[in-house]
$ cat run_21.txt   # compact mmCIF, C-alpha atoms
# COMPACT_ATOMS: atom_id res chain seq x y z
CA MET D 1 -16.69 31.65 4.84
CA SER D 2 -15.05 33.34 1.89
CA GLU D 3 -13.18 31.03 -0.49
CA ILE D 4 -10.68 33.78 -1.17
CA VAL D 5 -8.02 34.30 1.47
CA GLY D 6 -5.90 37.43 1.35
CA ALA D 7 -2.28 37.02 0.31
CA ASP D 8 -1.15 38.67 3.54
CA VAL D 9 -3.08 36.14 5.62
CA VAL D 10 -1.58 33.24 3.66
CA ALA D 11 1.93 34.65 4.02
CA ALA D 12 1.52 35.25 7.73
CA THR D 13 0.09 31.79 8.35
CA TRP D 14 2.82 30.11 6.33
CA LYS D 15 5.52 32.10 8.11
CA HIS D 16 4.09 31.21 11.53
CA HIS D 17 4.00 27.47 10.88
CA ALA D 18 7.32 27.44 9.02
CA GLU D 19 8.99 29.07 12.01
CA GLN D 20 7.44 26.53 14.36
CA VAL D 21 8.61 23.61 12.22
CA SER D 22 12.13 25.02 11.87
CA GLN D 23 12.44 25.22 15.66
CA GLN D 24 11.65 21.55 16.16
CA MET D 25 14.33 18.94 16.82
CA TRP D 26 16.37 18.13 13.69
CA PRO D 27 19.10 15.74 14.89
CA THR D 28 22.28 15.27 12.88
CA ALA D 29 23.68 11.88 11.84
CA CYS D 30 20.11 10.92 11.08
CA LEU D 31 18.19 9.38 8.18
CA TYR D 32 14.86 11.10 7.51
CA VAL D 33 12.43 8.79 5.67
CA VAL D 34 10.07 11.22 3.97
CA ALA D 35 6.71 10.50 2.34
CA THR D 36 6.16 12.60 -0.79
CA PRO D 37 3.03 13.38 -2.87
CA ILE D 38 1.49 10.53 -4.87
CA GLY D 39 0.28 12.91 -7.59
CA ASN D 40 -0.71 16.31 -6.31
CA LEU D 41 2.46 18.26 -5.50
CA ALA D 42 0.52 20.40 -3.03
CA ASP D 43 0.23 17.39 -0.69
CA LEU D 44 3.81 17.75 0.56
CA SER D 45 3.66 18.43 4.29
CA LEU D 46 5.31 21.47 5.81
CA ARG D 47 7.49 19.24 7.98
CA ALA D 48 8.58 17.24 4.92
CA TRP D 49 9.43 20.51 3.14
CA GLU D 50 11.60 21.61 6.07
CA ALA D 51 13.37 18.24 6.23
CA LEU D 52 14.12 18.14 2.51
CA ARG D 53 15.54 21.64 2.45
CA ARG D 54 17.45 21.21 5.71
CA CYS D 55 19.11 17.86 4.94
CA ASP D 56 22.61 17.72 3.46
CA ALA D 57 21.53 15.31 0.71
CA ILE D 58 18.43 13.54 -0.53
CA ALA D 59 18.59 9.88 -1.58
CA ALA D 60 15.98 9.53 -4.33
CA GLU D 61 14.56 6.61 -6.30
CA ASP D 62 14.67 8.65 -9.52
CA THR D 63 16.57 11.92 -9.31
CA ARG D 64 14.82 13.37 -12.38
CA THR D 65 11.34 12.70 -11.01
CA SER D 66 12.27 14.04 -7.59
CA ARG D 67 13.85 17.17 -9.04
CA THR D 68 10.44 18.19 -10.41
CA LEU D 69 8.98 18.02 -6.90
CA LEU D 70 11.92 19.78 -5.28
CA ASP D 71 11.97 22.59 -7.87
CA SER D 72 8.27 23.21 -7.36
CA TRP D 73 8.92 23.74 -3.64
CA GLY D 74 12.12 25.75 -4.05
CA ILE D 75 14.36 23.04 -2.59
CA SER D 76 17.94 22.93 -3.88
CA THR D 77 19.34 20.11 -1.71
CA PRO D 78 21.75 17.83 -3.68
CA LEU D 79 20.38 14.49 -4.82
CA LEU D 80 21.95 11.05 -4.88
CA ALA D 81 20.46 7.98 -6.55
CA ALA D 82 19.04 5.21 -4.36
CA HIS D 83 16.99 2.78 -6.42
CA LYS D 84 16.45 -0.99 -6.41
CA HIS D 85 19.46 -1.63 -8.64
CA ASN D 86 22.00 0.22 -6.49
CA GLU D 87 20.40 0.10 -3.04
CA ALA D 88 23.30 -1.75 -1.39
CA GLU D 89 25.84 0.72 -2.78
CA ALA D 90 23.62 3.68 -1.88
CA ALA D 91 23.31 2.37 1.68
CA GLU D 92 27.11 2.43 2.08
CA THR D 93 27.27 5.99 0.74
CA ILE D 94 24.55 7.08 3.15
CA LEU D 95 26.29 5.38 6.09
CA ALA D 96 29.51 7.19 5.29
CA ARG D 97 27.69 10.55 5.22
CA LEU D 98 25.87 9.81 8.48
CA ALA D 99 29.18 8.93 10.12
CA GLU D 100 30.29 12.46 9.26
CA GLY D 101 27.24 13.86 11.08
CA ALA D 102 25.11 14.60 8.00
CA ARG D 103 21.36 14.64 7.77
CA ILE D 104 20.16 12.50 4.86
CA ALA D 105 16.61 12.30 3.54
CA LEU D 106 15.27 9.20 1.80
CA ILE D 107 12.40 9.56 -0.70
CA SER D 108 10.79 7.48 -3.43
CA ASP D 109 9.12 8.66 -6.62
CA ALA D 110 5.79 8.97 -4.79
CA GLY D 111 4.39 8.00 -1.41
CA ALA D 112 6.26 6.31 1.39
CA PRO D 113 9.76 4.87 0.87
CA ALA D 114 10.17 1.17 1.69
CA ILE D 115 6.45 0.50 1.10
CA SER D 116 6.42 -1.22 -2.33
CA ASP D 117 9.27 1.15 -3.15
CA PRO D 118 13.04 0.96 -2.59
CA GLY D 119 14.33 1.89 0.84
CA THR D 120 13.90 -1.14 3.08
CA ARG D 121 17.51 -2.27 2.72
CA ILE D 122 18.81 1.23 3.39
CA VAL D 123 16.68 1.63 6.52
CA LYS D 124 17.82 -1.75 7.83
CA ARG D 125 21.50 -0.94 7.24
CA VAL D 126 21.20 2.48 8.88
CA ARG D 127 19.45 1.07 11.94
CA ALA D 128 21.93 -1.82 12.20
CA ALA D 129 24.78 0.70 12.17
CA GLY D 130 23.22 2.47 15.14
CA PHE D 131 22.11 5.67 13.45
CA ARG D 132 18.75 7.25 14.09
CA VAL D 133 15.89 6.89 11.58
CA VAL D 134 13.05 9.44 11.68
CA PRO D 135 9.90 8.77 9.60
CA LEU D 136 7.98 11.75 8.29
CA PRO D 137 4.49 10.47 7.44
CA GLY D 138 2.46 11.81 4.57
CA PRO D 139 0.65 10.78 1.38
CA SER D 140 -0.11 7.08 0.91
CA ALA D 141 -2.00 5.50 -1.98
CA VAL D 142 -2.93 2.56 0.27
CA ILE D 143 -4.51 4.72 2.95
CA ALA D 144 -6.14 7.08 0.44
CA ALA D 145 -7.85 4.17 -1.34
CA LEU D 146 -9.03 2.64 1.92
CA MET D 147 -10.40 5.98 3.12
CA ALA D 148 -12.60 6.26 0.05
CA SER D 149 -13.56 2.58 -0.29
CA GLY D 150 -15.84 2.06 2.70
CA ALA D 151 -14.49 -1.49 2.78
CA GLY D 152 -13.51 -1.60 6.44
CA LEU D 153 -15.50 -1.95 9.64
CA ASP D 154 -15.35 0.46 12.58
CA ASP D 155 -15.08 -2.36 15.11
CA GLU D 156 -12.57 -4.30 12.98
CA PRO D 157 -10.35 -1.64 11.38
CA GLY D 158 -7.61 -3.94 10.10
CA PHE D 159 -6.58 -4.37 6.50
CA VAL D 160 -4.01 -6.30 4.46
CA PHE D 161 -1.59 -4.62 2.06
CA ALA D 162 -0.46 -7.23 -0.47
CA GLY D 163 1.49 -4.90 -2.80
CA PHE D 164 1.90 -5.42 -6.54
CA LEU D 165 0.35 -8.48 -8.15
CA PRO D 166 2.65 -10.95 -9.96
CA SER D 167 2.89 -10.39 -13.69
CA LYS D 168 2.42 -14.02 -14.81
CA ALA D 169 -1.07 -15.52 -14.77
CA GLN D 170 -0.26 -18.71 -12.85
CA ALA D 171 1.72 -16.92 -10.16
CA ARG D 172 -0.96 -14.24 -9.93
CA GLY D 173 -3.69 -16.83 -9.39
CA LYS D 174 -1.74 -18.51 -6.57
CA PHE D 175 -0.97 -15.13 -5.03
CA LEU D 176 -4.61 -13.99 -5.10
CA ALA D 177 -5.85 -17.28 -3.65
CA ARG D 178 -3.87 -16.52 -0.47
CA TRP D 179 -6.01 -13.49 0.28
CA LEU D 180 -9.55 -14.47 -0.76
CA ASP D 181 -10.60 -15.63 2.70
CA SER D 182 -9.24 -12.61 4.54
CA PRO D 183 -11.87 -11.15 6.89
CA MET D 184 -10.30 -7.75 6.21
CA PRO D 185 -10.02 -5.59 3.08
CA VAL D 186 -7.03 -6.49 0.92
CA VAL D 187 -5.20 -3.75 -0.98
CA PHE D 188 -3.28 -4.45 -4.20
CA PHE D 189 -1.33 -2.31 -6.65
CA GLU D 190 -1.68 -3.01 -10.36
CA THR D 191 -0.35 -1.60 -13.63
CA PRO D 192 -2.56 -0.49 -16.55
CA HIS D 193 -1.49 -3.20 -18.99
CA ARG D 194 -2.25 -6.01 -16.50
CA LEU D 195 -5.40 -4.56 -14.93
CA LYS D 196 -7.98 -6.35 -17.09
CA ALA D 197 -6.37 -9.76 -16.64
CA ALA D 198 -5.95 -9.27 -12.88
CA LEU D 199 -9.61 -8.33 -12.46
CA ALA D 200 -10.65 -11.35 -14.54
CA ASP D 201 -8.57 -13.60 -12.26
CA LEU D 202 -10.18 -12.06 -9.18
CA GLN D 203 -13.64 -12.62 -10.61
CA ALA D 204 -12.87 -16.26 -11.39
CA LEU D 205 -11.50 -16.88 -7.90
CA ALA D 206 -13.80 -14.77 -5.72
CA GLY D 207 -17.05 -14.91 -7.67
CA ASP D 208 -19.32 -12.36 -9.32
CA THR D 209 -20.84 -10.87 -6.18
CA ARG D 210 -17.64 -9.93 -4.34
CA GLU D 211 -17.08 -6.16 -4.33
CA ILE D 212 -13.92 -4.34 -5.30
CA THR D 213 -12.98 -0.69 -5.14
CA ILE D 214 -10.89 0.57 -8.06
CA ALA D 215 -8.97 3.76 -7.27
CA ARG D 216 -7.35 5.33 -10.32
CA GLU D 217 -4.97 8.30 -10.47
CA LEU D 218 -5.36 9.13 -6.79
CA SER D 219 -4.93 12.84 -5.96
CA LYS D 220 -4.46 13.69 -9.66
CA ARG D 221 -6.68 15.61 -12.04
CA PHE D 222 -8.46 12.52 -13.41
CA GLU D 223 -8.89 10.74 -10.09
CA GLU D 224 -11.66 8.13 -10.17
CA ILE D 225 -12.80 5.86 -7.33
CA ASP D 226 -15.63 3.37 -7.87
CA THR D 227 -16.87 0.29 -6.07
CA VAL D 228 -18.38 -2.44 -8.25
CA SER D 229 -19.05 -6.16 -8.07
CA LEU D 230 -16.47 -8.38 -9.74
CA GLY D 231 -19.22 -9.60 -12.07
CA ASP D 232 -19.67 -6.04 -13.36
CA VAL D 233 -16.06 -4.94 -13.35
CA GLN D 234 -15.26 -5.71 -17.00
CA GLY D 235 -18.33 -3.75 -18.05
CA TRP D 236 -17.17 -0.87 -15.86
CA LEU D 237 -13.82 -0.88 -17.64
CA ALA D 238 -15.46 -0.96 -21.08
CA GLN D 239 -17.62 2.09 -20.35
CA ASP D 240 -14.67 4.45 -20.69
CA PRO D 241 -11.31 3.72 -22.39
CA HIS D 242 -9.60 6.07 -19.93
CA ARG D 243 -10.45 3.66 -17.11
CA SER D 244 -7.61 1.40 -18.24
CA GLN D 245 -5.08 4.21 -17.94
CA GLY D 246 -3.12 5.54 -14.99
CA GLU D 247 -1.98 4.07 -11.71
CA PHE D 248 -4.31 1.72 -9.85
CA VAL D 249 -5.04 0.70 -6.29
CA LEU D 250 -7.49 -2.19 -5.88
CA VAL D 251 -9.33 -2.80 -2.61
CA LEU D 252 -10.92 -6.24 -2.41
CA HIS D 253 -13.80 -6.07 0.05
CA PRO D 254 -14.24 -8.92 2.55
CA ALA D 255 -16.74 -11.59 1.61
CA PRO D 256 -20.11 -11.06 3.36
CA ALA D 257 -20.37 -13.10 6.52
CA THR D 258 -22.71 -16.07 6.20
CA ALA D 259 -24.08 -18.36 8.83
CA PRO D 260 -22.28 -21.71 8.51
CA ASP D 261 -24.20 -24.93 8.04
CA THR D 262 -23.97 -26.70 11.39
CA GLU D 263 -25.03 -30.10 10.03
CA GLU D 264 -22.49 -32.72 11.10
CA LEU D 265 -20.01 -34.01 8.52
CA SER D 266 -20.11 -37.57 7.28
CA ALA D 267 -17.65 -40.08 8.70
CA ASP D 268 -15.48 -39.91 5.58
CA GLN D 269 -15.54 -36.11 5.59
CA GLN D 270 -14.53 -36.03 9.24
CA LYS D 271 -11.72 -38.48 8.56
CA LEU D 272 -10.43 -36.26 5.74
CA MET D 273 -10.58 -33.13 7.87
CA ARG D 274 -8.75 -34.75 10.80
CA ALA D 275 -6.00 -35.96 8.47
CA LEU D 276 -5.60 -32.49 7.01
CA LEU D 277 -5.69 -30.78 10.40
CA ALA D 278 -2.84 -33.00 11.58
CA GLU D 279 -0.58 -31.29 9.07
CA LEU D 280 -2.21 -27.97 8.15
CA SER D 281 -3.80 -24.89 9.64
CA VAL D 282 -7.59 -24.79 10.03
CA ARG D 283 -7.88 -22.38 7.12
CA ASP D 284 -5.78 -24.49 4.75
CA ALA D 285 -7.48 -27.71 5.81
CA ALA D 286 -10.92 -26.22 5.17
CA ARG D 287 -9.82 -24.89 1.79
CA ILE D 288 -8.45 -28.22 0.60
CA ALA D 289 -11.37 -30.22 1.99
CA ALA D 290 -13.80 -27.88 0.25
CA THR D 291 -12.11 -28.64 -3.05
CA VAL D 292 -12.25 -32.40 -2.44
CA THR D 293 -15.78 -32.66 -1.02
CA GLY D 294 -17.59 -29.75 -2.62
CA LEU D 295 -18.74 -28.54 0.80
CA ALA D 296 -18.63 -24.85 1.71
CA ARG D 297 -15.35 -23.70 3.22
CA ASP D 298 -17.08 -21.83 6.03
CA ARG D 299 -18.93 -25.02 7.06
CA LEU D 300 -15.69 -27.01 7.17
CA TYR D 301 -13.90 -24.19 8.97
CA ALA D 302 -16.65 -24.01 11.61
CA TRP D 303 -16.52 -27.79 12.11
CA ALA D 304 -12.76 -27.67 12.60
CA LEU D 305 -13.07 -24.92 15.19
CA ARG D 306 -15.61 -26.98 17.12
CA GLN D 307 -13.06 -29.78 17.43
CA SER D 308 -10.65 -27.58 19.38
CA PRO D 309 -10.60 -28.31 23.12

$ encode --input "run_21.txt" --output "structure tokens"
Amino acid sequence: MSEIVGADVVAATWKHHAEQVSQQMWPTACLYVVATPIGNLADLSLRAWEALRRCDAIAAEDTRTSRTLLDSWGISTPLLAAHKHNEAEAAETILARLAEGARIALISDAGAPAISDPGTRIVKRVRAAGFRVVPLPGPSAVIAALMASGAGLDDEPGFVFAGFLPSKAQARGKFLARWLDSPMPVVFFETPHRLKAALADLQALAGDTREITIARELSKRFEEIDTVSLGDVQGWLAQDPHRSQGEFVLVLHPAPATAPDTEELSADQQKLMRALLAELSVRDAARIAATVTGLARDRLYAWALRQSP
């Protein structure tokens, strides 16, 4: 198939789909929550384009950033600021406009609003006031990283999105420890200046053999996606100074399943586990007992499960 498509074919195809989209339902007094490109401006969907140009106003996390996107797509809809510092005030402005029958779009700088971006409070207020909220799906750094990571399983397709890591080392360590035993991939966001420290913390907590996918500059010119063991990750970073630059999505792969040791616990170990299980979940009891006894967490976890009626 030829890689070159005639301009007339492109124009006709665009016109056909644009007409179809314009004829869809576009209710008034409605908040349209619109996903926008995470890097490549060409990733804006046709339906998102129609919504943004059709709405009466666009509530944007950063009006300057969003204006670049809108100008590139020929969209002249007025903007109003809706960021984390004025979200409550912006919500009231949006409610007033919706009460007048307006269509309002909500966007963030990149990706999906209200997913590690401002917007949650606005959506809650709009829904509580009885107005309709219509999501327009699109680009997502979380989904893009998972698609390329190979970290999931076909028969167990779940994953955990943990968002941005805490900036301080102690809080980050506690935060990471919550997710180490997840049987599903765990997705984190991280900034360039904290990346090296965050990866070092993960290595210390999860061990050298655990795999992680590092997705950098997704959908942009210098996109890079690699899967390495945590023991090799600092070497991977050192190979190229550019690898510490950009925006990062980290996908922590699940720990390989191992067959638990079925040998019975000692009387003292059983006593400890029963005391912990009286107050804690199986997972937390196994984690604490492993620290106290030195036994493997999966062995203690399996023993606890066997005690259930």

$ closest_atom_pairs --input "run_21.txt" --of "range 187-304 of chain D" --to "range 110-124 of chain D" --cutoff "12 Å" --atoms "only C-alpha atoms" --output "tab-separated table"
residue	atom	partner	partner_atom	distance
D:Val187	CA	D:Ser116	CA	12.0
D:Phe188	CA	D:Ser116	CA	10.4
D:Phe189	CA	D:Ser116	CA	8.9
D:Glu190	CA	D:Ser116	CA	11.5
D:Leu218	CA	D:Gly111	CA	11.2
D:Ser219	CA	D:Gly111	CA	11.4
D:Glu247	CA	D:Ala110	CA	11.5

$ closest_residue --input "run_21.txt" --among "D:Ser108, D:Trp179, D:Glu92, D:Phe248" --to "Phe164 in chain D" --atoms "only C-alpha atoms"
D:Phe248

$ residues_around --input "run_21.txt" --residues "Pro256 in chain D" --least-positions-apart "4" --cutoff "10 Å" --atoms "all atoms listed in the file" --output "list in words"
Pro183, Thr209, Arg210 and Glu211 of chain D

$ closest_residue --input "run_21.txt" --among "D:Glu100, D:Asp62, D:Asp201, D:Arg216" --to "Gln170 in chain D" --atoms "only C-alpha atoms"
D:Asp201

$ axis_aligned_box --input "run_21.txt" --around "range 84-95 of chain D" --padding-each-side "6 Å" --output "JSON"
{"center_x": 21.9, "center_y": 2.7, "center_z": -1.3, "size_x": 22.8, "size_y": 20.8, "size_z": 26.7}

$ closest_atom_pairs --input "run_21.txt" --of "range 102-218 of chain D" --to "range 272-293 of chain D" --cutoff "12 Å" --atoms "all atoms listed in the file" --output "Markdown table"
| residue | atom | partner | partner_atom | distance |
| --- | --- | --- | --- | --- |
| D:Ala177 | CA | D:Arg287 | CA | 10.2 |
| D:Arg178 | CA | D:Asp284 | CA | 9.7 |
| D:Trp179 | CA | D:Arg283 | CA | 11.4 |
| D:Leu180 | CA | D:Arg287 | CA | 10.7 |
| D:Asp181 | CA | D:Arg283 | CA | 8.5 |
| D:Ser182 | CA | D:Arg283 | CA | 10.2 |
| D:Pro183 | CA | D:Arg283 | CA | 11.9 |

$ write_last_selection --input "run_21.txt" --atoms "C-alpha atoms" --output "PDB file, keeping the file's coordinate frame"
ATOM      1  CA  ALA D 177      -5.850 -17.280  -3.650  1.00  0.00           C
ATOM      2  CA  ARG D 178      -3.870 -16.520  -0.470  1.00  0.00           C
ATOM      3  CA  TRP D 179      -6.010 -13.490   0.280  1.00  0.00           C
ATOM      4  CA  LEU D 180      -9.550 -14.470  -0.760  1.00  0.00           C
ATOM      5  CA  ASP D 181     -10.600 -15.630   2.700  1.00  0.00           C
ATOM      6  CA  SER D 182      -9.240 -12.610   4.540  1.00  0.00           C
ATOM      7  CA  PRO D 183     -11.870 -11.150   6.890  1.00  0.00           C
TER       8      PRO D 183
END

$ closest_residue --input "run_21.txt" --among "D:Pro254, D:Pro185, D:Gly6, D:Gly74" --to "Val142 in chain D" --atoms "all atoms listed in the file"
D:Pro185

$ closest_residue --input "run_21.txt" --among "D:His16, D:Arg67, D:Arg103, D:His83" --to "Thr28 in chain D" --atoms "all atoms listed in the file"
D:Arg103

$ atom_distance --input "run_21.txt" --atom1 "CA of Gln239 in chain D" --atom2 "CA of Ser140 in chain D"
28.0 Å

$ closest_residue --input "run_21.txt" --among "D:Glu264, D:Asp8, D:Ala96, D:Ala105" --to "Cys55 in chain D" --atoms "all atoms listed in the file"
D:Ala105

$ closest_residue --input "run_21.txt" --among "D:Ala18, D:Val160, D:Leu195, D:Leu305" --to "Arg172 in chain D" --atoms "only C-alpha atoms"
D:Leu195

$ residues_around --input "run_21.txt" --residues "Ala51 in chain D" --least-positions-apart "6" --cutoff "10 Å" --atoms "all atoms listed in the file" --output "MDAnalysis selection string"
chainID D and resid 21:22 26 32:34 45 58 103:105 136

$ atom_distance --input "run_21.txt" --atom1 "CA of Leu300 in chain D" --atom2 "CA of Leu252 in chain D"
23.4 Å

$ atom_distance --input "run_21.txt" --atom1 "CA of Thr93 in chain D" --atom2 "CA of Ala35 in chain D"
21.1 Å

$ decode --input "run_21.txt" --residues "range 39-62 of chain D" --atoms "N, CA and C atoms" --output "mmCIF file, in the first residue's frame"
data_model
loop_
_atom_site.group_PDB
_atom_site.id
_atom_site.type_symbol
_atom_site.label_atom_id
_atom_site.label_comp_id
_atom_site.auth_asym_id
_atom_site.auth_seq_id
_atom_site.Cartn_x
_atom_site.Cartn_y
_atom_site.Cartn_z
ATOM 1 N N GLY D 39 1.793 14.458 24.291
ATOM 2 C CA GLY D 39 3.047 14.930 23.696
ATOM 3 C C GLY D 39 2.896 15.218 22.216
ATOM 4 N N ASN D 40 2.343 14.253 21.506
ATOM 5 C CA ASN D 40 2.162 14.395 20.072
ATOM 6 C C ASN D 40 0.795 15.025 19.795
ATOM 7 N N LEU D 41 0.808 16.255 19.283
ATOM 8 C CA LEU D 41 -0.446 16.988 19.084
ATOM 9 C C LEU D 41 -1.385 16.298 18.097
ATOM 10 N N ALA D 42 -0.844 15.407 17.271
ATOM 11 C CA ALA D 42 -1.670 14.701 16.298
ATOM 12 C C ALA D 42 -2.555 13.640 16.942
ATOM 13 N N ASP D 43 -2.349 13.375 18.247
ATOM 14 C CA ASP D 43 -3.136 12.339 18.919
ATOM 15 C C ASP D 43 -4.503 12.817 19.386
ATOM 16 N N LEU D 44 -4.832 14.093 19.178
ATOM 17 C CA LEU D 44 -6.171 14.560 19.540
ATOM 18 C C LEU D 44 -7.205 13.833 18.694
ATOM 19 N N SER D 45 -8.234 13.301 19.337
ATOM 20 C CA SER D 45 -9.260 12.579 18.583
ATOM 21 C C SER D 45 -10.177 13.552 17.852
ATOM 22 N N LEU D 46 -10.821 13.057 16.829
ATOM 23 C CA LEU D 46 -11.743 13.894 16.054
ATOM 24 C C LEU D 46 -12.925 14.328 16.917
ATOM 25 N N ARG D 47 -13.385 13.446 17.786
ATOM 26 C CA ARG D 47 -14.499 13.783 18.669
ATOM 27 C C ARG D 47 -14.080 14.843 19.693
ATOM 28 N N ALA D 48 -12.839 14.744 20.190
ATOM 29 C CA ALA D 48 -12.341 15.768 21.105
ATOM 30 C C ALA D 48 -12.243 17.115 20.396
ATOM 31 N N TRP D 49 -11.775 17.094 19.159
ATOM 32 C CA TRP D 49 -11.677 18.329 18.363
ATOM 33 C C TRP D 49 -13.054 18.984 18.218
ATOM 34 N N GLU D 50 -14.051 18.187 17.911
ATOM 35 C CA GLU D 50 -15.405 18.728 17.740
ATOM 36 C C GLU D 50 -15.926 19.296 19.053
ATOM 37 N N ALA D 51 -15.679 18.595 20.157
ATOM 38 C CA ALA D 51 -16.150 19.080 21.458
ATOM 39 C C ALA D 51 -15.484 20.400 21.825
ATOM 40 N N LEU D 52 -14.189 20.491 21.628
ATOM 41 C CA LEU D 52 -13.456 21.693 22.029
ATOM 42 C C LEU D 52 -13.855 22.906 21.197
ATOM 43 N N ARG D 53 -14.163 22.691 19.934
ATOM 44 C CA ARG D 53 -14.550 23.831 19.114
ATOM 45 C C ARG D 53 -16.034 24.176 19.273
ATOM 46 N N ARG D 54 -16.823 23.189 19.699
ATOM 47 C CA ARG D 54 -18.259 23.408 19.845
ATOM 48 C C ARG D 54 -18.622 24.003 21.207
ATOM 49 N N CYS D 55 -17.842 23.731 22.230
ATOM 50 C CA CYS D 55 -18.175 24.198 23.581
ATOM 51 C C CYS D 55 -18.119 25.723 23.656
ATOM 52 N N ASP D 56 -18.796 26.268 24.637
ATOM 53 C CA ASP D 56 -18.837 27.721 24.835
ATOM 54 C C ASP D 56 -17.593 28.228 25.552
ATOM 55 N N ALA D 57 -16.947 27.357 26.327
ATOM 56 C CA ALA D 57 -15.707 27.721 27.018
ATOM 57 C C ALA D 57 -14.955 26.447 27.363
ATOM 58 N N ILE D 58 -13.649 26.593 27.525
ATOM 59 C CA ILE D 58 -12.792 25.466 27.892
ATOM 60 C C ILE D 58 -12.092 25.806 29.200
ATOM 61 N N ALA D 59 -12.314 24.995 30.217
ATOM 62 C CA ALA D 59 -11.622 25.146 31.497
ATOM 63 C C ALA D 59 -10.310 24.378 31.412
ATOM 64 N N ALA D 60 -9.185 25.108 31.511
ATOM 65 C CA ALA D 60 -7.875 24.518 31.264
ATOM 66 C C ALA D 60 -6.960 24.655 32.463
ATOM 67 N N GLU D 61 -6.123 23.637 32.671
ATOM 68 C CA GLU D 61 -5.162 23.666 33.780
ATOM 69 C C GLU D 61 -4.171 24.813 33.612
ATOM 70 N N ASP D 62 -3.667 24.993 32.399
ATOM 71 C CA ASP D 62 -2.756 26.097 32.085
ATOM 72 C C ASP D 62 -3.187 26.656 30.734
#
